[in-house]
>>> print(open('data-v3.pdb').read())   # PDB, C-alpha atoms
MODEL        1
ATOM      1  CA  MET A1407     279.191  94.586 -89.495
ATOM      2  CA  THR A1408     281.186  94.009 -86.308
ATOM      3  CA  THR A1409     284.440  92.100 -86.098
ATOM      4  CA  LYS A1410     282.819  89.390 -84.000
ATOM      5  CA  THR A1411     280.013  88.963 -86.535
ATOM      6  CA  LEU A1412     282.584  88.616 -89.316
ATOM      7  CA  GLU A1413     284.458  86.029 -87.262
ATOM      8  CA  THR A1414     281.280  83.981 -86.860
ATOM      9  CA  ILE A1415     280.484  84.167 -90.573
ATOM     10  CA  GLU A1416     284.026  83.150 -91.482
ATOM     11  CA  ALA A1417     283.834  80.236 -89.039
ATOM     12  CA  ILE A1418     280.634  79.010 -90.719
ATOM     13  CA  LYS A1419     282.247  79.340 -94.160
ATOM     14  CA  LEU A1420     285.227  77.332 -92.944
ATOM     15  CA  LEU A1421     282.989  74.585 -91.565
ATOM     16  CA  LYS A1422     281.048  74.353 -94.817
ATOM     17  CA  GLU A1423     284.278  73.797 -96.728
ATOM     18  CA  LYS A1424     284.813  70.605 -94.727
ATOM     19  CA  SER A1425     283.272  67.198 -95.436
ATOM     20  CA  TRP A1426     280.040  66.514 -93.554
ATOM     21  CA  VAL A1427     278.892  62.949 -92.817
ATOM     22  CA  ASP A1428     275.317  62.076 -91.851
ATOM     23  CA  LEU A1429     275.436  59.609 -88.944
ATOM     24  CA  THR A1430     271.669  59.098 -88.904
ATOM     25  CA  HIS A1431     269.357  56.450 -90.355
ATOM     26  CA  ALA A1432     266.133  57.555 -92.003
ATOM     27  CA  PHE A1433     263.410  55.624 -90.171
ATOM     28  CA  GLY A1434     259.805  54.636 -90.725
ATOM     29  CA  PRO A1435     257.177  52.057 -89.753
ATOM     30  CA  GLU A1436     259.207  49.194 -91.236
ATOM     31  CA  SER A1437     262.538  50.102 -89.614
ATOM     32  CA  PRO A1438     264.386  47.891 -87.104
ATOM     33  CA  HIS A1439     263.703  48.765 -83.482
ATOM     34  CA  PHE A1440     264.020  47.470 -79.930
ATOM     35  CA  SER A1441     261.907  44.316 -79.588
ATOM     36  CA  ALA A1442     259.693  45.667 -76.776
ATOM     37  CA  PHE A1443     258.397  48.476 -78.999
ATOM     38  CA  GLU A1444     255.685  48.384 -81.636
ATOM     39  CA  ASP A1445     256.326  49.616 -85.163
ATOM     40  CA  ALA A1446     256.134  53.352 -85.698
ATOM     41  CA  GLU A1447     252.980  54.741 -87.302
ATOM     42  CA  PHE A1448     253.014  57.577 -89.830
ATOM     43  CA  LYS A1449     249.518  58.859 -90.589
ATOM     44  CA  THR A1450     248.542  61.477 -93.155
ATOM     45  CA  LEU A1451     246.201  64.065 -91.617
ATOM     46  CA  PHE A1452     245.853  66.419 -94.576
ATOM     47  CA  THR A1453     246.955  66.259 -98.212
ATOM     48  CA  HIS A1454     247.727  69.005-100.725
ATOM     49  CA  ASP A1455     244.140  68.624-101.886
ATOM     50  CA  ASP A1456     243.149  70.012 -98.486
ATOM     51  CA  GLY A1457     245.514  72.927 -98.966
ATOM     52  CA  PHE A1458     248.589  71.574 -97.158
ATOM     53  CA  PHE A1459     250.361  68.283 -96.357
ATOM     54  CA  ALA A1460     250.536  67.301 -92.659
ATOM     55  CA  GLN A1461     251.170  64.047 -90.808
ATOM     56  CA  ARG A1462     250.997  62.507 -87.351
ATOM     57  CA  PHE A1463     253.967  60.449 -86.150
ATOM     58  CA  THR A1464     253.641  57.833 -83.418
ATOM     59  CA  PHE A1465     256.774  56.137 -82.109
ATOM     60  CA  PRO A1466     258.715  55.601 -78.863
ATOM     61  CA  GLY A1467     261.391  58.135 -77.990
ATOM     62  CA  GLN A1468     264.013  55.429 -78.477
ATOM     63  CA  TYR A1469     263.344  54.886 -82.200
ATOM     64  CA  GLY A1470     265.659  55.165 -85.167
ATOM     65  CA  THR A1471     268.974  56.877 -84.492
ATOM     66  CA  HIS A1472     268.147  58.372 -81.111
ATOM     67  CA  LEU A1473     269.535  60.106 -78.068
ATOM     68  CA  ASP A1474     268.990  58.626 -74.598
ATOM     69  CA  ALA A1475     268.813  61.161 -71.770
ATOM     70  CA  PRO A1476     269.980  60.143 -68.261
ATOM     71  CA  ILE A1477     266.361  59.749 -67.053
ATOM     72  CA  HIS A1478     265.887  56.881 -69.522
ATOM     73  CA  PHE A1479     267.431  54.492 -66.991
ATOM     74  CA  VAL A1480     268.220  56.482 -63.841
ATOM     75  CA  ARG A1481     265.660  57.994 -61.461
ATOM     76  CA  ASP A1482     265.838  61.675 -60.508
ATOM     77  CA  THR A1483     268.242  62.654 -63.275
ATOM     78  CA  ARG A1484     268.030  64.983 -66.260
ATOM     79  CA  TYR A1485     265.403  64.870 -68.954
ATOM     80  CA  LEU A1486     266.160  65.485 -72.617
ATOM     81  CA  HIS A1487     265.225  69.180 -72.519
ATOM     82  CA  GLU A1488     267.707  69.759 -69.678
ATOM     83  CA  LEU A1489     270.765  68.833 -71.744
ATOM     84  CA  GLU A1490     272.879  71.882 -72.540
ATOM     85  CA  LEU A1491     273.516  72.812 -76.164
ATOM     86  CA  LYS A1492     277.293  72.639 -75.803
ATOM     87  CA  GLU A1493     277.010  69.054 -74.549
ATOM     88  CA  LEU A1494     275.577  68.076 -77.915
ATOM     89  CA  VAL A1495     278.600  69.226 -79.948
ATOM     90  CA  LEU A1496     281.775  67.335 -79.085
ATOM     91  CA  PRO A1497     285.086  66.140 -80.516
ATOM     92  CA  LEU A1498     284.486  62.682 -81.982
ATOM     93  CA  VAL A1499     286.611  59.583 -81.449
ATOM     94  CA  VAL A1500     285.742  56.418 -83.409
ATOM     95  CA  ILE A1501     287.036  53.048 -82.259
ATOM     96  CA  ASP A1502     286.852  50.657 -85.217
ATOM     97  CA  LYS A1503     286.041  47.082 -84.225
ATOM     98  CA  SER A1504     284.108  46.216 -87.379
ATOM     99  CA  THR A1505     286.347  43.262 -88.267
ATOM    100  CA  GLU A1506     286.055  41.793 -84.804
ATOM    101  CA  ALA A1507     282.272  42.243 -84.786
ATOM    102  CA  GLN A1508     281.986  40.561 -88.178
ATOM    103  CA  GLU A1509     283.957  37.562 -86.921
ATOM    104  CA  ASN A1510     282.211  37.435 -83.541
ATOM    105  CA  HIS A1511     278.680  38.834 -83.417
ATOM    106  CA  ASP A1512     278.869  38.883 -79.614
ATOM    107  CA  PHE A1513     282.061  40.945 -79.613
ATOM    108  CA  THR A1514     282.383  42.981 -76.412
ATOM    109  CA  LEU A1515     284.774  45.933 -76.316
ATOM    110  CA  GLY A1516     287.221  45.661 -73.410
ATOM    111  CA  VAL A1517     289.806  47.916 -71.805
ATOM    112  CA  ALA A1518     292.557  46.172 -73.776
ATOM    113  CA  ASP A1519     290.841  47.220 -77.008
ATOM    114  CA  ILE A1520     290.880  50.854 -75.896
ATOM    115  CA  GLU A1521     294.537  50.629 -74.936
ATOM    116  CA  GLN A1522     295.296  49.133 -78.341
ATOM    117  CA  PHE A1523     293.480  52.047 -79.976
ATOM    118  CA  GLU A1524     295.431  54.571 -77.892
ATOM    119  CA  ALA A1525     298.726  52.912 -78.778
ATOM    120  CA  GLU A1526     297.997  53.750 -82.413
ATOM    121  CA  TYR A1527     296.130  57.068 -82.177
ATOM    122  CA  GLY A1528     297.144  58.549 -78.832
ATOM    123  CA  THR A1529     295.301  58.986 -75.559
ATOM    124  CA  ILE A1530     291.563  59.635 -75.830
ATOM    125  CA  GLU A1531     291.064  63.247 -74.810
ATOM    126  CA  GLU A1532     288.820  64.466 -72.011
ATOM    127  CA  GLY A1533     285.376  65.732 -73.011
ATOM    128  CA  THR A1534     285.089  63.697 -76.200
ATOM    129  CA  PHE A1535     282.257  61.659 -77.693
ATOM    130  CA  VAL A1536     283.489  58.087 -78.240
ATOM    131  CA  ALA A1537     281.694  55.967 -80.833
ATOM    132  CA  LEU A1538     282.077  52.218 -81.243
ATOM    133  CA  ARG A1539     282.160  51.263 -84.906
ATOM    134  CA  THR A1540     281.010  47.705 -85.588
ATOM    135  CA  ASP A1541     279.419  48.246 -89.030
ATOM    136  CA  TRP A1542     276.215  46.796 -87.565
ATOM    137  CA  SER A1543     274.518  49.792 -89.175
ATOM    138  CA  LYS A1544     275.119  48.237 -92.599
ATOM    139  CA  ARG A1545     272.362  45.745 -91.723
ATOM    140  CA  TRP A1546     269.815  48.590 -91.773
ATOM    141  CA  PRO A1547     266.921  48.494 -92.722
ATOM    142  CA  ASP A1548     266.727  44.683 -92.564
ATOM    143  CA  LYS A1549     264.927  43.829 -89.298
ATOM    144  CA  LYS A1550     265.947  40.176 -89.373
ATOM    145  CA  ALA A1551     269.603  40.957 -89.979
ATOM    146  CA  PHE A1552     269.589  43.634 -87.284
ATOM    147  CA  ASP A1553     267.994  41.338 -84.680
ATOM    148  CA  ASN A1554     270.418  38.586 -85.738
ATOM    149  CA  LYS A1555     268.666  35.704 -83.978
ATOM    150  CA  ASP A1556     270.056  32.175 -84.042
ATOM    151  CA  GLU A1557     268.045  28.983 -84.530
ATOM    152  CA  GLU A1558     266.942  29.125 -80.883
ATOM    153  CA  GLY A1559     265.677  32.693 -81.222
ATOM    154  CA  VAL A1560     268.560  34.246 -79.289
ATOM    155  CA  SER A1561     269.848  37.587 -80.590
ATOM    156  CA  HIS A1562     273.556  38.260 -81.054
ATOM    157  CA  ALA A1563     275.002  41.776 -81.299
ATOM    158  CA  PRO A1564     278.250  43.511 -80.305
ATOM    159  CA  GLY A1565     278.627  46.179 -77.646
ATOM    160  CA  TRP A1566     280.579  47.745 -74.797
ATOM    161  CA  SER A1567     281.729  46.067 -71.607
ATOM    162  CA  VAL A1568     281.085  47.840 -68.309
ATOM    163  CA  GLU A1569     284.827  47.787 -67.650
ATOM    164  CA  ALA A1570     285.560  49.623 -70.903
ATOM    165  CA  LEU A1571     282.904  52.236 -70.144
ATOM    166  CA  LYS A1572     284.274  52.794 -66.641
ATOM    167  CA  PHE A1573     287.752  53.245 -68.103
ATOM    168  CA  LEU A1574     286.493  55.839 -70.578
ATOM    169  CA  PHE A1575     284.414  57.856 -68.118
ATOM    170  CA  GLU A1576     286.551  57.535 -64.998
ATOM    171  CA  GLU A1577     290.077  57.412 -66.419
ATOM    172  CA  ARG A1578     289.685  59.368 -69.659
ATOM    173  CA  LYS A1579     286.802  61.652 -68.527
ATOM    174  CA  VAL A1580     284.921  61.358 -71.823
ATOM    175  CA  GLN A1581     281.610  63.212 -72.167
ATOM    176  CA  ALA A1582     279.338  60.757 -74.011
ATOM    177  CA  ILE A1583     279.304  57.610 -76.142
ATOM    178  CA  GLY A1584     277.480  56.137 -79.115
ATOM    179  CA  HIS A1585     277.125  52.899 -81.062
ATOM    180  CA  GLU A1586     275.376  51.282 -84.030
ATOM    181  CA  THR A1587     273.240  48.737 -82.171
ATOM    182  CA  PHE A1588     269.990  48.855 -80.164
ATOM    183  CA  ASP A1589     271.792  48.546 -76.829
ATOM    184  CA  THR A1590     274.970  49.694 -75.117
ATOM    185  CA  ASP A1591     275.770  46.209 -73.825
ATOM    186  CA  SER A1592     276.674  43.338 -76.107
ATOM    187  CA  ALA A1593     273.979  40.677 -76.356
ATOM    188  CA  SER A1594     276.267  38.185 -74.611
ATOM    189  CA  ASP A1595     276.793  40.528 -71.649
ATOM    190  CA  TYR A1596     273.049  41.103 -71.419
ATOM    191  CA  ARG A1597     272.439  37.359 -71.297
ATOM    192  CA  LYS A1598     275.173  36.926 -68.692
ATOM    193  CA  ASN A1599     274.121  39.827 -66.454
ATOM    194  CA  GLY A1600     270.373  39.699 -66.971
ATOM    195  CA  ALA A1601     270.328  43.488 -67.285
ATOM    196  CA  LEU A1602     271.762  46.318 -69.379
ATOM    197  CA  LEU A1603     274.447  47.216 -66.856
ATOM    198  CA  GLY A1604     276.524  49.170 -69.362
ATOM    199  CA  GLU A1605     273.618  51.341 -70.431
ATOM    200  CA  TYR A1606     272.671  52.058 -66.822
ATOM    201  CA  TYR A1607     276.285  52.963 -66.019
ATOM    202  CA  VAL A1608     276.550  55.456 -68.898
ATOM    203  CA  LEU A1609     273.314  57.253 -68.079
ATOM    204  CA  ASP A1610     274.218  57.236 -64.381
ATOM    205  CA  GLN A1611     277.139  59.515 -65.304
ATOM    206  CA  ASP A1612     274.547  62.278 -65.885
ATOM    207  CA  THR A1613     275.232  62.228 -69.587
ATOM    208  CA  TYR A1614     273.641  60.898 -72.760
ATOM    209  CA  GLN A1615     274.335  58.333 -75.429
ATOM    210  CA  VAL A1616     273.330  57.980 -79.079
ATOM    211  CA  GLU A1617     272.174  54.618 -80.379
ATOM    212  CA  LEU A1618     271.789  53.261 -83.924
ATOM    213  CA  LEU A1619     274.448  55.514 -85.405
ATOM    214  CA  ALA A1620     275.255  55.120 -89.114
ATOM    215  CA  ASN A1621     278.198  55.741 -91.467
ATOM    216  CA  LEU A1622     280.932  55.565 -88.852
ATOM    217  CA  ASP A1623     283.057  53.917 -91.558
ATOM    218  CA  GLN A1624     283.247  57.366 -93.208
ATOM    219  CA  VAL A1625     284.707  59.091 -90.141
ATOM    220  CA  PRO A1626     288.369  59.087 -89.039
ATOM    221  CA  ALA A1627     289.502  57.737 -85.682
ATOM    222  CA  LYS A1628     290.168  61.264 -84.437
ATOM    223  CA  GLY A1629     289.764  64.849 -85.567
ATOM    224  CA  ALA A1630     286.061  65.046 -86.438
ATOM    225  CA  VAL A1631     283.333  66.810 -84.462
ATOM    226  CA  ILE A1632     279.897  65.323 -83.808
ATOM    227  CA  PHE A1633     276.687  67.369 -83.691
ATOM    228  CA  ASN A1634     273.648  65.732 -82.072
ATOM    229  CA  ILE A1635     270.646  67.858 -83.052
ATOM    230  CA  VAL A1636     267.558  66.701 -81.199
ATOM    231  CA  PRO A1637     264.061  68.162 -80.630
ATOM    232  CA  LYS A1638     263.515  69.728 -77.214
ATOM    233  CA  ALA A1639     260.652  67.533 -76.068
ATOM    234  CA  GLU A1640     259.687  68.404 -72.513
ATOM    235  CA  ASN A1641     260.344  65.720 -69.865
ATOM    236  CA  ALA A1642     261.370  63.207 -72.534
ATOM    237  CA  SER A1643     263.552  60.165 -71.853
ATOM    238  CA  GLY A1644     264.915  60.293 -75.383
ATOM    239  CA  PHE A1645     264.069  61.191 -78.961
ATOM    240  CA  PRO A1646     265.178  60.524 -82.539
ATOM    241  CA  VAL A1647     268.247  62.640 -83.251
ATOM    242  CA  ARG A1648     269.953  64.037 -86.363
ATOM    243  CA  SER A1649     273.590  63.246 -85.662
ATOM    244  CA  PHE A1650     276.291  64.287 -88.104
ATOM    245  CA  ALA A1651     280.046  64.716 -88.167
ATOM    246  CA  ILE A1652     282.220  67.440 -89.641
ATOM    247  CA  LEU A1653     285.541  66.026 -90.719
ATOM    248  CA  PRO A1654     288.918  67.701 -90.221
TER     249      PRO A1654
ENDMDL
END
>>> encode(input="data-v3.pdb", output="structure tokens")
Amino acid sequence: MTTKTLETIEAIKLLKEKSWVDLTHAFGPESPHFSAFEDAEFKTLFTHDDGFFAQRFTFPGQYGTHLDAPIHFVRDTRYLHELELKELVLPLVVIDKSTEAQENHDFTLGVADIEQFEAEYGTIEEGTFVALRTDWSKRWPDKKAFDNKDEEGVSHAPGWSVEALKFLFEERKVQAIGHETFDTDSASDYRKNGALLGEYYVLDQDTYQVELLANLDQVPAKGAVIFNIVPKAENASGFPVRSFAILP
């Protein structure tokens, strides 16, 4: 066995000694999803009585914990299968605004919030994956709680401001972002702007984002690594992803 092979094996052993955190919701036909989509359909095609168990799955690419490719919002950009493997494994930074989101369901992360985070944990490094923790994922799998509509039928959910995203990508040169909600933008910003300007901005950076993340409360602010393992569907705008973190 070569030295390089031994190094790889030892690296895997080291990783497996660490704590691993699943950042992904299990999803099915009854799971919360973006309001424009229909419920997923899981159909049994064959049972063990036929000799093997097989199913058909019907759902939009943006279903469950999922990865959005640039083409999802931006014309003439990369599809899912064009993302490089090394883009999908990144140092993970988690900005915890769960208290603020609990107190204000329309909480919108601003530049000042990032600066406050950096004052405590240091500058956000270039090439990182930055996740916004709001603990919205704890509402899963309750559709009503996830939609969080008021008496007038208006949804309320936290998110990123465009200004915060521009600061992260243009000043800190981060690689990608993720969050626990359906959308990048807070519901209040969407109502104000009439469009998902934050989501368009992120994907216009020729990168991806992961939506409906889970268990960010189990990950430290810095030091972990995120893996976003996604099927290589050809010419796809997005797909359910198995995201997980390895802790320091």
>>> atom_distance(input="data-v3.pdb", atom1="CA of Thr1540 (chain A)", atom2="CA of Ala1507 (chain A)")
5.7 Å
>>> resolve_selection(input="data-v3.pdb", expression="the PyMOL selection byres ((chain A and resi 1629) around 10)", output="list in words")
Pro1497, Leu1498, Val1499, Val1500, Val1625, Pro1626, Ala1627, Lys1628, Ala1630, Val1631, Ile1652, Leu1653 and Pro1654 of chain A
>>> write_last_selection(input="data-v3.pdb", atoms="C-alpha atoms", output="CSV table (one decimal), keeping the file's coordinate frame")
chain,number,residue,atom,x,y,z
A,1497,PRO,CA,285.1,66.1,-80.5
A,1498,LEU,CA,284.5,62.7,-82.0
A,1499,VAL,CA,286.6,59.6,-81.4
A,1500,VAL,CA,285.7,56.4,-83.4
A,1625,VAL,CA,284.7,59.1,-90.1
A,1626,PRO,CA,288.4,59.1,-89.0
A,1627,ALA,CA,289.5,57.7,-85.7
A,1628,LYS,CA,290.2,61.3,-84.4
A,1630,ALA,CA,286.1,65.0,-86.4
A,1631,VAL,CA,283.3,66.8,-84.5
A,1652,ILE,CA,282.2,67.4,-89.6
A,1653,LEU,CA,285.5,66.0,-90.7
A,1654,PRO,CA,288.9,67.7,-90.2
>>> closest_residue(input="data-v3.pdb", among="A:Asp1512, A:Arg1484, A:Thr1464, A:Phe1575", to="Asp1556 (chain A)", atoms="all atoms listed in the file")
A:Asp1512
>>> resolve_selection(input="data-v3.pdb", expression="the PyMOL selection byres ((chain A and resi 1437-1450) around 10)", output="ChimeraX atom specification")
/A:1431-1436,1451-1453,1459-1466,1468-1471,1545-1553,1587-1589,1618
>>> resolve_selection(input="data-v3.pdb", expression="the PyMOL selection byres ((chain A and resi 1605-1611) around 10)", output="PyMOL selection string")
chain A and resi 1474-1481+1483-1484+1566-1568+1571-1572+1575-1576+1581-1583+1589-1591+1601-1604+1612-1615
>>> closest_residue(input="data-v3.pdb", among="A:Leu1429, A:Phe1458, A:Gly1644, A:Asn1510", to="Ala1537 (chain A)", atoms="all atoms listed in the file")
A:Leu1429
>>> axis_aligned_box(input="data-v3.pdb", around="region 1596-1599 of chain A", padding_each_side="6 Å", output="AutoDock Vina command-line options")
--center_x 273.8 --center_y 39.0 --center_z -68.9 --size_x 14.7 --size_y 16.2 --size_z 17.0
>>> residues_around(input="data-v3.pdb", residues="Gly1467 (chain A)", least_positions_apart="5", cutoff="7 Å", atoms="only C-alpha atoms", output="ChimeraX atom specification")
/A:1643-1646
>>> closest_residue(input="data-v3.pdb", among="A:Lys1503, A:His1562, A:His1454, A:Lys1544", to="Asp1519 (chain A)", atoms="only C-alpha atoms")
A:Lys1503
>>> decode(input="data-v3.pdb", residues="region 1485-1496 of chain A", atoms="all heavy atoms", output="PDB file, in the first residue's frame")
ATOM      1  N   TYR A1485     -26.145  24.622 -14.680  1.00  0.00           N
ATOM      2  CA  TYR A1485     -27.104  23.649 -14.183  1.00  0.00           C
ATOM      3  C   TYR A1485     -26.477  22.878 -13.016  1.00  0.00           C
ATOM      4  O   TYR A1485     -25.263  22.956 -12.759  1.00  0.00           O
ATOM      5  CB  TYR A1485     -27.494  22.666 -15.287  1.00  0.00           C
ATOM      6  CG  TYR A1485     -28.304  23.270 -16.401  1.00  0.00           C
ATOM      7  CD1 TYR A1485     -27.687  23.745 -17.552  1.00  0.00           C
ATOM      8  CD2 TYR A1485     -29.695  23.342 -16.308  1.00  0.00           C
ATOM      9  CE1 TYR A1485     -28.440  24.289 -18.595  1.00  0.00           C
ATOM     10  CE2 TYR A1485     -30.454  23.881 -17.342  1.00  0.00           C
ATOM     11  CZ  TYR A1485     -29.822  24.354 -18.480  1.00  0.00           C
ATOM     12  OH  TYR A1485     -30.566  24.881 -19.497  1.00  0.00           O
ATOM     13  N   LEU A1486     -27.310  22.096 -12.352  1.00  0.00           N
ATOM     14  CA  LEU A1486     -26.861  21.319 -11.203  1.00  0.00           C
ATOM     15  C   LEU A1486     -25.666  20.424 -11.534  1.00  0.00           C
ATOM     16  O   LEU A1486     -24.689  20.382 -10.778  1.00  0.00           O
ATOM     17  CB  LEU A1486     -28.030  20.470 -10.693  1.00  0.00           C
ATOM     18  CG  LEU A1486     -27.750  19.538  -9.515  1.00  0.00           C
ATOM     19  CD1 LEU A1486     -27.494  20.354  -8.263  1.00  0.00           C
ATOM     20  CD2 LEU A1486     -28.938  18.611  -9.290  1.00  0.00           C
ATOM     21  N   HIS A1487     -25.725  19.721 -12.662  1.00  0.00           N
ATOM     22  CA  HIS A1487     -24.664  18.759 -12.979  1.00  0.00           C
ATOM     23  C   HIS A1487     -23.332  19.436 -13.294  1.00  0.00           C
ATOM     24  O   HIS A1487     -22.302  18.762 -13.356  1.00  0.00           O
ATOM     25  CB  HIS A1487     -25.092  17.849 -14.139  1.00  0.00           C
ATOM     26  CG  HIS A1487     -25.067  18.519 -15.478  1.00  0.00           C
ATOM     27  ND1 HIS A1487     -26.152  19.202 -15.991  1.00  0.00           N
ATOM     28  CD2 HIS A1487     -24.088  18.607 -16.416  1.00  0.00           C
ATOM     29  CE1 HIS A1487     -25.851  19.669 -17.187  1.00  0.00           C
ATOM     30  NE2 HIS A1487     -24.610  19.330 -17.465  1.00  0.00           N
ATOM     31  N   GLU A1488     -23.345  20.750 -13.478  1.00  0.00           N
ATOM     32  CA  GLU A1488     -22.117  21.478 -13.803  1.00  0.00           C
ATOM     33  C   GLU A1488     -21.380  21.989 -12.571  1.00  0.00           C
ATOM     34  O   GLU A1488     -20.273  22.517 -12.687  1.00  0.00           O
ATOM     35  CB  GLU A1488     -22.445  22.639 -14.741  1.00  0.00           C
ATOM     36  CG  GLU A1488     -22.983  22.179 -16.085  1.00  0.00           C
ATOM     37  CD  GLU A1488     -23.381  23.322 -16.992  1.00  0.00           C
ATOM     38  OE1 GLU A1488     -24.251  24.122 -16.584  1.00  0.00           O
ATOM     39  OE2 GLU A1488     -22.834  23.418 -18.106  1.00  0.00           O
ATOM     40  N   LEU A1489     -21.963  21.833 -11.391  1.00  0.00           N
ATOM     41  CA  LEU A1489     -21.266  22.218 -10.168  1.00  0.00           C
ATOM     42  C   LEU A1489     -20.109  21.265  -9.925  1.00  0.00           C
ATOM     43  O   LEU A1489     -20.249  20.050 -10.068  1.00  0.00           O
ATOM     44  CB  LEU A1489     -22.222  22.206  -8.979  1.00  0.00           C
ATOM     45  CG  LEU A1489     -23.394  23.187  -9.036  1.00  0.00           C
ATOM     46  CD1 LEU A1489     -24.308  22.975  -7.840  1.00  0.00           C
ATOM     47  CD2 LEU A1489     -22.918  24.625  -9.112  1.00  0.00           C
ATOM     48  N   GLU A1490     -18.973  21.797  -9.535  1.00  0.00           N
ATOM     49  CA  GLU A1490     -17.792  20.980  -9.275  1.00  0.00           C
ATOM     50  C   GLU A1490     -17.889  20.340  -7.896  1.00  0.00           C
ATOM     51  O   GLU A1490     -18.450  20.921  -6.956  1.00  0.00           O
ATOM     52  CB  GLU A1490     -16.526  21.833  -9.364  1.00  0.00           C
ATOM     53  CG  GLU A1490     -16.284  22.462 -10.725  1.00  0.00           C
ATOM     54  CD  GLU A1490     -15.953  21.432 -11.787  1.00  0.00           C
ATOM     55  OE1 GLU A1490     -15.441  20.346 -11.427  1.00  0.00           O
ATOM     56  OE2 GLU A1490     -16.209  21.702 -12.974  1.00  0.00           O
ATOM     57  N   LEU A1491     -17.319  19.149  -7.760  1.00  0.00           N
ATOM     58  CA  LEU A1491     -17.381  18.432  -6.493  1.00  0.00           C
ATOM     59  C   LEU A1491     -16.813  19.245  -5.335  1.00  0.00           C
ATOM     60  O   LEU A1491     -17.379  19.269  -4.234  1.00  0.00           O
ATOM     61  CB  LEU A1491     -16.631  17.099  -6.609  1.00  0.00           C
ATOM     62  CG  LEU A1491     -17.309  16.009  -7.440  1.00  0.00           C
ATOM     63  CD1 LEU A1491     -16.382  14.809  -7.566  1.00  0.00           C
ATOM     64  CD2 LEU A1491     -18.633  15.595  -6.825  1.00  0.00           C
ATOM     65  N   LYS A1492     -15.697  19.914  -5.565  1.00  0.00           N
ATOM     66  CA  LYS A1492     -15.049  20.646  -4.472  1.00  0.00           C
ATOM     67  C   LYS A1492     -15.835  21.877  -4.046  1.00  0.00           C
ATOM     68  O   LYS A1492     -15.585  22.419  -2.964  1.00  0.00           O
ATOM     69  CB  LYS A1492     -13.624  21.023  -4.872  1.00  0.00           C
ATOM     70  CG  LYS A1492     -12.695  19.812  -4.940  1.00  0.00           C
ATOM     71  CD  LYS A1492     -11.264  20.197  -5.254  1.00  0.00           C
ATOM     72  CE  LYS A1492     -10.361  18.970  -5.293  1.00  0.00           C
ATOM     73  NZ  LYS A1492      -8.953  19.313  -5.612  1.00  0.00           N
ATOM     74  N   GLU A1493     -16.798  22.310  -4.861  1.00  0.00           N
ATOM     75  CA  GLU A1493     -17.678  23.402  -4.456  1.00  0.00           C
ATOM     76  C   GLU A1493     -18.673  22.937  -3.397  1.00  0.00           C
ATOM     77  O   GLU A1493     -19.227  23.759  -2.656  1.00  0.00           O
ATOM     78  CB  GLU A1493     -18.471  23.933  -5.655  1.00  0.00           C
ATOM     79  CG  GLU A1493     -17.679  24.629  -6.719  1.00  0.00           C
ATOM     80  CD  GLU A1493     -18.581  25.098  -7.847  1.00  0.00           C
ATOM     81  OE1 GLU A1493     -19.339  26.067  -7.641  1.00  0.00           O
ATOM     82  OE2 GLU A1493     -18.540  24.485  -8.939  1.00  0.00           O
ATOM     83  N   LEU A1494     -18.915  21.645  -3.356  1.00  0.00           N
ATOM     84  CA  LEU A1494     -19.960  21.102  -2.497  1.00  0.00           C
ATOM     85  C   LEU A1494     -19.467  20.745  -1.097  1.00  0.00           C
ATOM     86  O   LEU A1494     -20.256  20.355  -0.240  1.00  0.00           O
ATOM     87  CB  LEU A1494     -20.566  19.860  -3.161  1.00  0.00           C
ATOM     88  CG  LEU A1494     -21.126  20.086  -4.574  1.00  0.00           C
ATOM     89  CD1 LEU A1494     -21.632  18.774  -5.151  1.00  0.00           C
ATOM     90  CD2 LEU A1494     -22.226  21.136  -4.575  1.00  0.00           C
ATOM     91  N   VAL A1495     -18.170  20.891  -0.871  1.00  0.00           N
ATOM     92  CA  VAL A1495     -17.569  20.633   0.446  1.00  0.00           C
ATOM     93  C   VAL A1495     -16.831  21.894   0.866  1.00  0.00           C
ATOM     94  O   VAL A1495     -15.830  22.268   0.249  1.00  0.00           O
ATOM     95  CB  VAL A1495     -16.605  19.435   0.396  1.00  0.00           C
ATOM     96  CG1 VAL A1495     -16.010  19.183   1.780  1.00  0.00           C
ATOM     97  CG2 VAL A1495     -17.309  18.189  -0.113  1.00  0.00           C
ATOM     98  N   LEU A1496     -17.327  22.547   1.909  1.00  0.00           N
ATOM     99  CA  LEU A1496     -16.811  23.873   2.272  1.00  0.00           C
ATOM    100  C   LEU A1496     -16.748  24.048   3.788  1.00  0.00           C
ATOM    101  O   LEU A1496     -17.521  23.433   4.527  1.00  0.00           O
ATOM    102  CB  LEU A1496     -17.730  24.966   1.706  1.00  0.00           C
ATOM    103  CG  LEU A1496     -17.895  25.027   0.183  1.00  0.00           C
ATOM    104  CD1 LEU A1496     -19.022  25.987  -0.171  1.00  0.00           C
ATOM    105  CD2 LEU A1496     -16.604  25.458  -0.489  1.00  0.00           C
TER     106      LEU A1496
END
